[in-house]
Each structure stands twice: as structure tokens, then as C-alpha cells.
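Contents: one structure, followed by commentary.
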Amino acid sequence: MAVASALPKYIAVSEMLIREIAAGHLQDGARLPPEREMAADLGISVGTLRKSLAHLEENGMLSRVQGSGNYVRHRPDVKSIYSFFRLEKVKGGGLPTAKVLSVSRMAKPNDAPRFGQSEDGHRIRRLRFLDDDVMALEEIWLDGAYRERISASDLSDSLYQFYRDELGVLIASVEDRIGVAGLPRWTPATFHLRARVPVGFIERVSWSSEGDPVEFSRTWFDNNKARYVSRMGKG
């Protein structure tokens, strides 16, 4: 098992804040705590926090008023590394991280929808966490045409960021089908539920910005700990 490459700390903190705002834990117009207090609570330096807040400001989710403080601005259409990551803690939010269980190149599964150009794909199996609490298992199939070999050490917590930065593939849209399914036979002992126990289930096909289906994935998630959340419009 390999820990995926962690995001830069300031990006991780800004992504956590984006998800907290989206979940309604930080209301539109709310004033954030003083920077030194907030940095101490998060266990980071003030400099790192300021980089995170600057990132939020660039995305239009923060107003920084000299001499007054930092104020939340709610924007449902913000661009985020985790824009397509739909799982949240039951009470909302939670920073996603991942541990890679295995990466293998093999023939695509017969029961998968058609995607990509190659007969082979890279099968990535991962444990998925929200705020360090294990929530889900993932099996992701990336079309093998994009790279001959991929190792666990190549991957980051955000696969879509890896696709964009390392493979030049921008995921522009996804189709999710939600249901219930038993946990797979390969469920590791480190997961808190056994194989075949029924849980929430997501099947996804992801399309590139060129309109090509390039990825197929299955996610099994503990519906007692996590919820599938999709927000639309300007609510």
C-alpha cells in the first residue's frame, strides 16, 4: 500500500475551506477568525495560511478587507481540484485523501462501458478518506493509450490533477450512476466493513475536454459515514 503524493499544504487547506463553504459550514459573508488564530487551529504557519487564503481570493470565494478581516463569498461554480468529487461526510465537507492499494495494466473489464482507444487500461485501486477517516473503496480504469506504465508513486491524492498535469488530459464532464452494491472481493482488511456487505455504489464514466470517454470507475462508500452530494444552480 502506498500513500498518494500529498497536495501542497496550502492547496490542501484551500480545498478544505472550499468544501466547508460549499457544505454551508462557512456562511456567505461570514468573517473568518484572525489569521494567527486560524493558522494555529489548522496546525500550519501563518505564511501557508495566507497562501491558502490568496488562492481562495483568486477563485472569488474570499474578500480580504484591509484592517477588517477575511470574509467568505459563496460561489457554487468555483473551479476546484475536487469539483467532481461528490462524497462528503454526513454533516458535509471533509478533505479527500487517498492510499493506493495497487496499480496494474491489464485488459479492460468485460462489463465496463466502452471508453478510450486501447484494449488495455491502468487499473488503480485505492482507499479513500475524508479528514483521515476511511470512507470508500475505488477501482479506477484509465485508458492505456495515455501512458505505457503508471506506478503508485506517480499518483497524487487527486487523479484528475495527475491526468491534467502529467498526461495532458482535462476531465470536463462525468456521468454518475448511483445505487447499492456489495463490497468487492478484494476489500482489504484495513477497510472497516467486510466484502459483500451492501453499501452505496457509484459507477462513473469521465469525458475529456475533447469529448472522449477516457476513464471508467467504481466506488463503494460507507453510507453511514458519507453521502453523495451534487449541488446545482445558484442556491
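By convention here, the chains of the C-alpha cells are called A, B, ... in the order presented, each chain's residues are numbered starting at 1, and ligands are numbered starting at 1 in the order presented.
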
Produce a table with one row for each residue of segment 93-143 of chain A that has an atom at most 8 Å from any atom of segment 207-225 of chain A, each row naming the nearest atom pair and its distance in Å at one decimal; use only C-alpha atoms; arrange rows by chain and rising residue number; format as CSV.
residue,atom,partner,partner_atom,distance
A:Ala112,CA,A:Phe216,CA,7.3
A:Pro113,CA,A:Phe216,CA,7.6
A:Arg114,CA,A:Pro213,CA,7.9
A:Phe115,CA,A:Pro213,CA,4.9
A:Gly116,CA,A:Val214,CA,4.8
A:Met135,CA,A:Asp222,CA,5.7
A:Ala136,CA,A:Phe221,CA,4.1
A:Leu137,CA,A:Trp220,CA,5.2
A:Glu138,CA,A:Thr219,CA,4.5
A:Glu139,CA,A:Arg218,CA,5.2
A:Ile140,CA,A:Ser217,CA,4.2
A:Trp141,CA,A:Phe216,CA,5.1
A:Leu142,CA,A:Glu215,CA,4.6
A:Asp143,CA,A:Val214,CA,5.6

Convert the current residue selection to file output with C-alpha atoms, as a short mmCIF file (atom, residue, chain, number, x, y, z; two decimals), in the first residue's frame.
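In the end it all went to again04.cif:
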data_model
loop_
_atom_site.label_atom_id
_atom_site.label_comp_id
_atom_site.auth_asym_id
_atom_site.auth_seq_id
_atom_site.Cartn_x
_atom_site.Cartn_y
_atom_site.Cartn_z
CA ALA A 112 -17.33 -1.87 -18.39
CA PRO A 113 -18.87 0.58 -20.89
CA ARG A 114 -16.74 1.39 -23.92
CA PHE A 115 -14.09 4.03 -23.17
CA GLY A 116 -10.77 5.05 -24.72
CA MET A 135 -14.97 6.24 3.67
CA ALA A 136 -14.72 4.41 0.37
CA LEU A 137 -13.01 1.97 -1.96
CA GLU A 138 -12.28 2.97 -5.56
CA GLU A 139 -11.44 0.99 -8.67
CA ILE A 140 -10.48 3.35 -11.50
CA TRP A 141 -9.72 2.32 -15.07
CA LEU A 142 -7.76 4.82 -17.19
CA ASP A 143 -7.37 4.13 -20.91
#

Q) Could you pull out all residues of segment 66-216 of chain A with a DSSP call of helix (DSSP H, G or I) and give them as a PyMOL selection string? A) chain A and resi 144-146+152-154+159-167

Restricting the output to all heavy atoms, write the selected residues as a short mmCIF file (atom, residue, chain, number, x, y, z; two decimals), in the first residue's frame.
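Writing the result to again.cif gives the following:
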data_model
loop_
_atom_site.label_atom_id
_atom_site.label_comp_id
_atom_site.auth_asym_id
_atom_site.auth_seq_id
_atom_site.Cartn_x
_atom_site.Cartn_y
_atom_site.Cartn_z
N GLY A 144 -5.37 2.85 -21.46
CA GLY A 144 -3.95 2.58 -21.51
C GLY A 144 -3.20 3.35 -22.58
O GLY A 144 -1.96 3.32 -22.59
N ALA A 145 -3.90 4.04 -23.49
CA ALA A 145 -3.22 4.74 -24.57
C ALA A 145 -2.43 5.96 -24.08
O ALA A 145 -1.54 6.44 -24.78
CB ALA A 145 -4.24 5.18 -25.63
N TYR A 146 -2.72 6.45 -22.88
CA TYR A 146 -2.12 7.70 -22.44
C TYR A 146 -0.72 7.53 -21.88
O TYR A 146 0.08 8.47 -21.91
CB TYR A 146 -3.01 8.38 -21.39
CG TYR A 146 -4.28 8.91 -22.01
CD1 TYR A 146 -5.48 8.25 -21.83
CD2 TYR A 146 -4.26 10.06 -22.80
CE1 TYR A 146 -6.64 8.72 -22.42
CE2 TYR A 146 -5.42 10.53 -23.39
CZ TYR A 146 -6.61 9.86 -23.20
OH TYR A 146 -7.75 10.32 -23.79
N ALA A 152 2.34 3.63 -8.42
CA ALA A 152 1.67 4.29 -7.30
C ALA A 152 2.35 5.61 -6.96
O ALA A 152 1.69 6.59 -6.60
CB ALA A 152 1.63 3.37 -6.08
N SER A 153 3.67 5.66 -7.08
CA SER A 153 4.41 6.88 -6.73
C SER A 153 4.15 8.02 -7.70
O SER A 153 4.44 9.18 -7.40
CB SER A 153 5.90 6.58 -6.64
OG SER A 153 6.39 6.11 -7.89
N ASP A 154 3.61 7.70 -8.90
CA ASP A 154 3.28 8.76 -9.87
C ASP A 154 2.03 9.53 -9.47
O ASP A 154 1.84 10.67 -9.91
CB ASP A 154 3.02 8.15 -11.26
CG ASP A 154 4.24 7.52 -11.88
OD1 ASP A 154 5.36 8.02 -11.63
OD2 ASP A 154 4.09 6.51 -12.61
N LEU A 159 -6.54 12.31 -8.74
CA LEU A 159 -6.17 11.71 -10.03
C LEU A 159 -6.41 12.67 -11.18
O LEU A 159 -5.66 12.69 -12.15
CB LEU A 159 -6.98 10.43 -10.26
CG LEU A 159 -6.57 9.19 -9.46
CD1 LEU A 159 -7.39 7.99 -9.90
CD2 LEU A 159 -5.09 8.89 -9.60
N TYR A 160 -7.48 13.47 -11.10
CA TYR A 160 -7.77 14.37 -12.20
C TYR A 160 -6.67 15.42 -12.35
O TYR A 160 -6.38 15.88 -13.46
CB TYR A 160 -9.13 15.04 -12.00
CG TYR A 160 -10.31 14.11 -12.21
CD1 TYR A 160 -10.12 12.77 -12.56
CD2 TYR A 160 -11.62 14.55 -12.07
CE1 TYR A 160 -11.19 11.91 -12.74
CE2 TYR A 160 -12.71 13.70 -12.26
CZ TYR A 160 -12.47 12.38 -12.59
OH TYR A 160 -13.54 11.53 -12.77
N GLN A 161 -6.05 15.81 -11.24
CA GLN A 161 -4.92 16.72 -11.33
C GLN A 161 -3.73 16.01 -11.99
O GLN A 161 -3.03 16.60 -12.82
CB GLN A 161 -4.52 17.22 -9.95
CG GLN A 161 -3.39 18.25 -9.98
CD GLN A 161 -2.96 18.68 -8.60
OE1 GLN A 161 -2.86 17.87 -7.68
NE2 GLN A 161 -2.70 19.96 -8.43
N PHE A 162 -3.51 14.74 -11.66
CA PHE A 162 -2.45 13.95 -12.31
C PHE A 162 -2.72 13.82 -13.80
O PHE A 162 -1.82 14.00 -14.62
CB PHE A 162 -2.38 12.57 -11.66
CG PHE A 162 -1.56 11.56 -12.42
CD1 PHE A 162 -0.18 11.63 -12.43
CD2 PHE A 162 -2.18 10.55 -13.15
CE1 PHE A 162 0.58 10.71 -13.15
CE2 PHE A 162 -1.44 9.63 -13.87
CZ PHE A 162 -0.05 9.71 -13.86
N TYR A 163 -3.96 13.53 -14.17
CA TYR A 163 -4.28 13.42 -15.59
C TYR A 163 -3.95 14.73 -16.32
O TYR A 163 -3.37 14.73 -17.41
CB TYR A 163 -5.78 13.14 -15.79
CG TYR A 163 -6.29 11.83 -15.25
CD1 TYR A 163 -7.66 11.61 -15.15
CD2 TYR A 163 -5.43 10.81 -14.84
CE1 TYR A 163 -8.17 10.43 -14.66
CE2 TYR A 163 -5.93 9.62 -14.35
CZ TYR A 163 -7.30 9.43 -14.25
OH TYR A 163 -7.79 8.26 -13.77
N ARG A 164 -4.34 15.85 -15.70
CA ARG A 164 -4.13 17.16 -16.33
C ARG A 164 -2.66 17.51 -16.43
O ARG A 164 -2.17 17.90 -17.51
CB ARG A 164 -4.87 18.23 -15.52
CG ARG A 164 -4.79 19.64 -16.11
CD ARG A 164 -5.25 20.66 -15.08
NE ARG A 164 -4.34 20.74 -13.94
CZ ARG A 164 -4.65 21.28 -12.76
NH1 ARG A 164 -5.85 21.76 -12.54
NH2 ARG A 164 -3.75 21.33 -11.80
N ASP A 165 -1.94 17.39 -15.32
CA ASP A 165 -0.56 17.87 -15.26
C ASP A 165 0.43 16.92 -15.94
O ASP A 165 1.41 17.38 -16.53
CB ASP A 165 -0.13 18.10 -13.81
CG ASP A 165 -0.93 19.20 -13.13
OD1 ASP A 165 -1.62 19.96 -13.85
OD2 ASP A 165 -0.86 19.30 -11.89
N GLU A 166 0.19 15.62 -15.83
CA GLU A 166 1.17 14.64 -16.33
C GLU A 166 0.79 14.03 -17.67
O GLU A 166 1.67 13.64 -18.44
CB GLU A 166 1.35 13.53 -15.29
CG GLU A 166 1.84 14.01 -13.94
CD GLU A 166 3.23 14.63 -14.01
OE1 GLU A 166 4.03 14.18 -14.84
OE2 GLU A 166 3.50 15.57 -13.23
N LEU A 167 -0.49 13.94 -17.97
CA LEU A 167 -0.94 13.28 -19.20
C LEU A 167 -1.57 14.25 -20.19
O LEU A 167 -1.84 13.86 -21.33
CB LEU A 167 -1.95 12.17 -18.87
CG LEU A 167 -1.51 11.13 -17.84
CD1 LEU A 167 -2.60 10.09 -17.64
CD2 LEU A 167 -0.21 10.46 -18.26
#

Q: Go through segment 65-122 of chain A and collect every residue that DSSP, computed from the backbone, puts in strand (DSSP E); the answer should be as number ranges by chain.
A: A: 65, 69-72, 87-89, 96-107, 120-122

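Comparing A:Asn110, A:Trp186, A:Gly60, A:Val180 by their smallest distance to Pro198 of chain A, the closest is A:Val180 (using only C-alpha atoms).
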
Q: Find the spatial neighbours of segment 11-13 of chain A, counting only C-alpha atoms, within a cut-off of 8 Å - ignore same-chain residues fewer than 2 positions away - and output them as a PyMOL selection string.
A: chain A and resi 7-9+15-17+49+52+55+95
